[in-house]
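Shown next: my_file-v7.txt, containing compact mmCIF, C-alpha atoms.
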```
# COMPACT_ATOMS: atom_id res chain seq x y z
CA MET A 28 24.48 -0.13 -9.86
CA PRO A 29 21.47 2.17 -9.38
CA LEU A 30 21.18 4.17 -6.18
CA GLN A 31 18.38 3.51 -3.71
CA ASN A 32 16.41 6.68 -4.42
CA ARG A 33 13.28 5.72 -6.36
CA VAL A 34 9.96 6.07 -4.48
CA THR A 35 6.98 3.73 -4.87
CA PRO A 36 3.35 4.78 -4.22
CA ASP A 37 3.45 3.61 -0.60
CA GLY A 38 6.54 5.71 0.12
CA THR A 39 9.08 2.89 0.05
CA ILE A 40 12.48 3.85 -1.39
CA VAL A 41 13.97 1.28 -3.76
CA ALA A 42 16.98 0.94 -6.04
CA ALA A 43 16.00 1.15 -9.72
CA PRO A 44 17.58 2.52 -12.91
CA GLN A 45 14.48 4.52 -13.89
CA ARG A 46 14.30 8.15 -12.78
CA GLY A 47 10.83 9.43 -13.66
CA LEU A 48 9.51 12.96 -14.13
CA PHE A 49 10.02 14.50 -10.68
CA MET A 50 12.59 14.75 -7.93
CA GLY A 51 11.93 15.49 -4.26
CA ASN A 52 13.16 15.20 -0.72
CA ARG A 53 12.04 14.68 2.87
CA GLY A 54 13.65 17.68 4.51
CA GLY A 55 17.22 16.57 4.98
CA GLN A 56 19.93 13.95 4.66
CA PHE A 57 19.43 10.32 5.60
CA HIS A 58 22.10 8.81 3.36
CA ASP A 59 25.78 8.02 3.91
CA PRO A 60 27.65 10.27 1.45
CA ASP A 61 30.75 8.07 1.50
CA THR A 62 28.90 4.94 0.35
CA ARG A 63 25.97 6.76 -1.31
CA THR A 64 23.56 4.41 0.43
CA LEU A 65 20.66 5.04 2.80
CA ALA A 66 21.81 5.13 6.40
CA GLY A 67 20.03 3.59 9.39
CA ARG A 68 16.31 2.96 9.44
CA THR A 69 15.02 6.53 9.18
CA ARG A 70 13.64 7.50 5.77
CA TRP A 71 12.86 11.15 6.50
CA LYS A 72 14.26 14.11 8.45
CA THR A 73 11.40 16.62 8.76
CA LYS A 74 7.66 16.73 8.13
CA SER A 75 8.28 18.66 4.93
CA TRP A 76 8.11 16.10 2.13
CA ILE A 77 8.16 17.91 -1.21
CA ILE A 78 7.95 17.32 -4.95
CA CYS A 79 10.47 19.18 -7.12
CA THR A 80 11.20 19.61 -10.81
CA LEU A 81 14.20 17.86 -12.31
CA GLU A 82 15.62 21.19 -13.50
CA PHE A 83 15.53 24.56 -11.72
CA LYS A 84 17.71 27.64 -12.29
CA VAL A 85 20.43 25.53 -13.96
CA ARG A 86 21.40 24.08 -10.60
CA LYS A 87 23.64 21.01 -10.75
CA ARG A 88 23.73 18.36 -8.03
CA THR A 89 25.82 15.33 -7.26
CA LEU A 90 23.42 12.73 -5.93
CA MET A 91 23.81 11.66 -2.31
CA ASP A 92 26.80 13.96 -1.82
CA HIS A 93 28.18 15.46 1.40
CA GLY A 94 25.98 18.15 2.93
CA ASN A 95 23.07 17.51 0.57
CA TYR A 96 19.55 16.39 1.31
CA THR A 97 18.74 12.89 0.09
CA GLU A 98 17.44 13.21 -3.46
CA LEU A 99 14.42 11.07 -4.31
CA PHE A 100 12.76 10.37 -7.67
CA PHE A 101 9.15 9.68 -8.67
CA LEU A 102 7.55 8.23 -11.79
CA ASP A 103 5.19 11.23 -11.82
CA GLU A 104 3.27 13.59 -9.56
CA VAL A 105 0.51 11.02 -9.06
CA THR A 106 3.09 8.69 -7.49
CA ALA A 107 4.63 11.42 -5.36
CA LEU A 108 1.24 12.48 -3.97
CA ALA A 109 0.42 8.86 -3.14
CA ALA A 110 3.69 8.63 -1.20
CA GLY A 111 2.64 11.66 0.88
CA HIS A 112 4.64 14.43 -0.78
CA ARG A 113 3.34 17.87 -1.86
CA PRO A 114 4.53 20.39 -4.50
CA CYS A 115 7.53 22.56 -3.62
CA PHE A 116 6.90 26.29 -3.17
CA GLU A 117 10.30 27.21 -4.64
CA CYS A 118 10.60 25.33 -7.93
CA GLN A 119 6.85 24.67 -8.39
CA ARG A 120 5.31 27.77 -6.87
CA ALA A 121 2.30 27.94 -9.20
CA LYS A 122 1.36 24.30 -8.62
CA ALA A 123 2.08 24.52 -4.89
CA THR A 124 -0.13 27.58 -4.59
CA GLU A 125 -2.95 25.91 -6.51
CA PHE A 126 -2.59 22.78 -4.37
CA SER A 127 -2.79 24.73 -1.12
CA GLN A 128 -5.66 26.93 -2.30
CA ILE A 129 -7.77 23.97 -3.39
CA TRP A 130 -7.14 22.26 -0.06
CA GLN A 131 -8.10 25.39 1.90
CA HIS A 132 -11.23 26.04 -0.19
CA SER A 133 -12.38 22.43 0.20
CA LEU A 134 -12.46 23.07 3.95
CA GLY A 135 -14.54 26.21 3.48
CA GLY A 136 -11.68 28.63 4.00
CA GLU A 137 -10.20 31.43 1.89
CA GLY A 138 -6.71 31.97 0.56
CA ARG A 139 -4.37 29.01 0.83
CA MET A 140 -3.52 26.38 3.39
CA ARG A 141 -0.34 27.14 5.31
CA VAL A 142 2.66 24.95 4.60
CA SER A 143 3.03 24.02 8.27
CA GLU A 144 -0.63 22.97 8.43
CA MET A 145 -0.40 20.82 5.30
CA ASP A 146 2.80 19.17 6.48
CA ALA A 147 1.33 18.45 9.91
CA VAL A 148 -1.76 16.75 8.47
CA LEU A 149 0.24 14.80 5.90
CA HIS A 150 2.75 13.67 8.52
CA THR A 151 -0.02 12.46 10.81
CA GLU A 152 -1.59 10.44 8.01
CA ARG A 153 1.76 9.03 6.86
CA CYS A 154 2.52 7.87 10.40
CA SER A 155 -0.96 6.53 11.10
CA ALA A 156 -0.79 4.43 7.92
CA LYS A 157 2.02 2.33 9.41
CA GLY A 158 0.90 -0.90 11.01
CA VAL A 159 -2.80 -0.05 11.31
CA ARG A 160 -5.91 -1.20 9.52
CA PRO A 161 -5.92 0.28 6.00
CA ILE A 162 -8.58 2.67 4.74
CA LEU A 163 -10.87 0.65 2.49
CA CYS A 164 -12.92 2.01 -0.38
CA ARG A 165 -14.36 1.13 -3.78
CA PHE A 166 -12.36 1.94 -6.89
CA ASN A 167 -15.22 3.98 -8.36
CA ASP A 168 -15.25 6.16 -5.23
CA VAL A 169 -11.62 7.27 -5.43
CA PRO A 170 -10.85 10.51 -7.32
CA GLU A 171 -8.88 10.97 -10.51
CA GLY A 172 -5.17 10.72 -9.73
CA ALA A 173 -5.48 8.59 -6.58
CA ILE A 174 -3.72 5.24 -6.18
CA ILE A 175 -5.14 2.16 -4.48
CA HIS A 176 -3.86 -1.35 -3.76
CA ASP A 177 -5.97 -4.41 -4.45
CA GLY A 178 -3.79 -6.85 -2.51
CA LYS A 179 -1.57 -7.64 -5.49
CA GLN A 180 -0.72 -4.43 -7.31
CA TRP A 181 -0.92 -0.64 -7.24
CA ILE A 182 -3.68 0.78 -9.42
CA ALA A 183 -4.25 4.43 -10.33
CA ARG A 184 -7.56 5.93 -11.41
CA HIS A 185 -7.25 7.89 -14.66
CA GLY A 186 -10.69 9.15 -15.63
CA LYS A 187 -12.88 6.05 -15.48
CA ARG A 188 -9.96 3.78 -16.32
CA ALA A 189 -7.80 1.66 -14.06
CA LEU A 190 -4.06 1.69 -14.73
CA ARG A 191 -1.54 -0.63 -13.15
CA TRP A 192 1.46 1.25 -11.71
CA SER A 193 5.05 0.08 -12.22
CA LEU A 194 8.49 1.68 -12.11
CA ASP A 195 8.39 1.91 -15.92
CA GLY A 196 4.94 3.47 -16.20
CA TYR A 197 1.27 2.52 -16.49
CA SER A 198 -0.59 -0.25 -18.27
CA PRO A 199 -4.34 -0.96 -18.55
CA VAL A 200 -5.92 -3.32 -16.04
CA ASP A 201 -9.46 -4.29 -15.09
CA ALA A 202 -10.84 -2.13 -12.33
CA PRO A 203 -11.21 -4.08 -9.05
CA SER A 204 -14.83 -4.73 -8.12
CA GLY A 205 -14.48 -5.20 -4.38
CA GLU A 206 -13.00 -3.14 -1.58
CA VAL A 207 -9.47 -1.86 -2.07
CA GLU A 208 -6.92 -0.08 0.10
CA LEU A 209 -6.49 3.67 -0.44
CA VAL A 210 -2.76 4.40 -0.79
CA THR A 211 -2.92 8.15 -1.48
CA PRO A 212 -3.26 10.00 1.86
CA PRO A 213 -6.96 10.74 2.61
CA CYS A 214 -6.29 14.48 2.97
CA ILE A 215 -4.95 14.62 -0.59
CA ALA A 216 -7.64 12.34 -2.00
CA ASP A 217 -10.53 14.09 -0.22
CA HIS A 218 -9.45 17.73 -0.12
CA VAL A 219 -7.23 18.15 -3.18
CA LEU A 220 -7.85 15.54 -5.89
CA SER A 221 -11.61 15.31 -5.26
CA ALA A 222 -11.75 19.13 -5.32
CA GLY A 223 -10.31 19.37 -8.82
CA TYR A 224 -6.51 19.38 -8.59
CA LYS A 225 -4.97 17.80 -11.72
CA PRO A 226 -1.64 16.10 -11.05
CA THR A 227 0.95 15.46 -13.76
CA TRP A 228 0.84 11.94 -15.18
CA HIS A 229 3.61 9.90 -16.75
CA PRO A 230 3.14 9.81 -20.59
CA SER A 231 2.36 6.09 -20.46
CA ALA A 232 -0.95 6.92 -18.77
CA GLU A 233 -2.10 8.70 -21.93
CA ILE A 234 -0.63 6.16 -24.35
CA ASN A 235 -2.27 3.25 -22.60
```
Encoded form using structure tokens:
Amino acid sequence: MPLQNRVTPDGTIVAAPQRGLFMGNRGGQFHDPDTRTLAGRTRWKTKSWIICTLEFKVRKRTLMDHGNYTELFFLDEVTALAAGHRPCFECQRAKATEFSQIWQHSLGGEGRMRVSEMDAVLHTERCSAKGVRPILCRFNDVPEGAIIHDGKQWIARHGKRALRWSLDGYSPVDAPSGEVELVTPPCIADHVLSAGYKPTWHPSAEIN
């Protein structure tokens, strides 16, 4: 039986056999290592929600083990960003640096955005998205790599195309014509994706 460790665009953690292109965590352990199931209602430990590579320095991990953070998996970086995660400065230093520099420059600053500042903004937006009126927009106004919800399905913008998101990958779909809900946090959509950051897509996005 698959473990409950696969993340959907809205940040929900589900059980699914697919693993995707990236791993990540939310700053600590919120699973029961004896049953290898998620414990309680909390689905994060700190404000630091990161995106990691599947392989780094030949490290080997036993999933949901004792003393480990809770390992999470994403279809691709587009999905992870939508769920409110950011690139890890250890295993993805080049991408994390680019991400933070683009964010800082979009605000008129120099250098790169501090990790604590990014995490604080992301955490505020993740929390404010719970139980409040969603941010509405038009599909054509969202940047490349952002994910929206049209009331029935998750849709990612890839160039001018609309792609339906699923745990297995992407498939073509007609772009919604009316207002849709922005799933990707506004800070990432407005200050990172709109400013030119290119996230990694699942291969199905190119095939379809």
From atom CA of Trp228 of chain A to atom CA of Arg141 of chain A the spacing works out at 25.5 Å
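Residue nearest Val219 of chain A, chosen from A:Ala123, A:Ile40, A:Met91, A:Ile234 and counting all atoms listed in the file: A:Ala123.
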All residues 8 Å or closer to Pro226 of chain A, only C-alpha atoms, same chain fewer than 3 positions away omitted, as JSON, numbers by chain: {"A": [104, 105, 172]}
Taking a cut-off of 6 Å and counting all atoms listed in the file, can you build a table that, for each residue of segment 85-109 of chain A near segment 50-64 of chain A, reports the nearest atom pair and how far apart they are in Å (one decimal), sorted by chain then residue number, as CSV?
```
residue,atom,partner,partner_atom,distance
A:Met91,CA,A:Arg63,CA,5.4
A:Asp92,CA,A:Pro60,CA,5.0
A:His93,CA,A:Pro60,CA,5.2
A:Tyr96,CA,A:Gln56,CA,4.2
A:Thr97,CA,A:Gln56,CA,4.8
A:Glu98,CA,A:Asn52,CA,5.5
A:Leu99,CA,A:Gly51,CA,5.1
A:Phe100,CA,A:Met50,CA,4.4
```
Rounded to one decimal, what separation in Å do you get between atom CA of Gly186 of chain A and atom CA of Glu171 of chain A? 5.7 Å
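If you look at atom CA of Ala147 of chain A and atom CA of Thr73 of chain A, they are 10.3 Å away from each other.
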Within 7 Å of Phe83 of chain A, counting all atoms listed in the file, which residues show up once you throw out same-chain ones fewer than 3 positions away? Write them as a PDB file with C-alpha atoms, keeping the file's coordinate frame, please.
```
ATOM      1  CA  THR A  80      11.200  19.610 -10.810  1.00  0.00           C
ATOM      2  CA  ARG A  86      21.400  24.080 -10.600  1.00  0.00           C
ATOM      3  CA  CYS A 118      10.600  25.330  -7.930  1.00  0.00           C
TER       4      CYS A 118
END
```
Would you mind listing what lies within 8 Å of Arg139 of chain A as a PyMOL selection string, with all atoms listed in the file counted and same-chain residues fewer than 5 positions away left out? chain A and resi 124+127-132
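You can rank A:Ala42, A:Leu134, A:Met28, A:Val148 by their closest distance to Lys74 of chain A using all atoms listed in the file, and at the top of that list sits A:Val148.
Nearest-residue note for Phe49 of chain A: choosing from A:Ala121, A:Leu65, A:Leu108, A:Ile78, the minimum distance belongs to A:Ile78, counting all atoms listed in the file.
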Distance criterion (all atoms listed in the file): nearest to Arg188 of chain A out of A:Val207, A:Ala232, A:Met145, A:Leu220: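 Nearest candidate to Arg188 of chain A out of A:Val207, A:Ala232, A:Met145, A:Leu220: A:Ala232.
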Could you list, as a PDB file with C-alpha atoms, keeping the file's coordinate frame, every residue within 8 Å of Gly38 of chain A, counting only C-alpha atoms and ignoring same-chain residues fewer than 2 positions away?
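Resulting contents of part_27.pdb:
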```
ATOM      1  CA  VAL A  34       9.960   6.070  -4.480  1.00  0.00           C
ATOM      2  CA  THR A  35       6.980   3.730  -4.870  1.00  0.00           C
ATOM      3  CA  PRO A  36       3.350   4.780  -4.220  1.00  0.00           C
ATOM      4  CA  ILE A  40      12.480   3.850  -1.390  1.00  0.00           C
ATOM      5  CA  ALA A 109       0.420   8.860  -3.140  1.00  0.00           C
ATOM      6  CA  ALA A 110       3.690   8.630  -1.200  1.00  0.00           C
ATOM      7  CA  GLY A 111       2.640  11.660   0.880  1.00  0.00           C
TER       8      GLY A 111
END
```
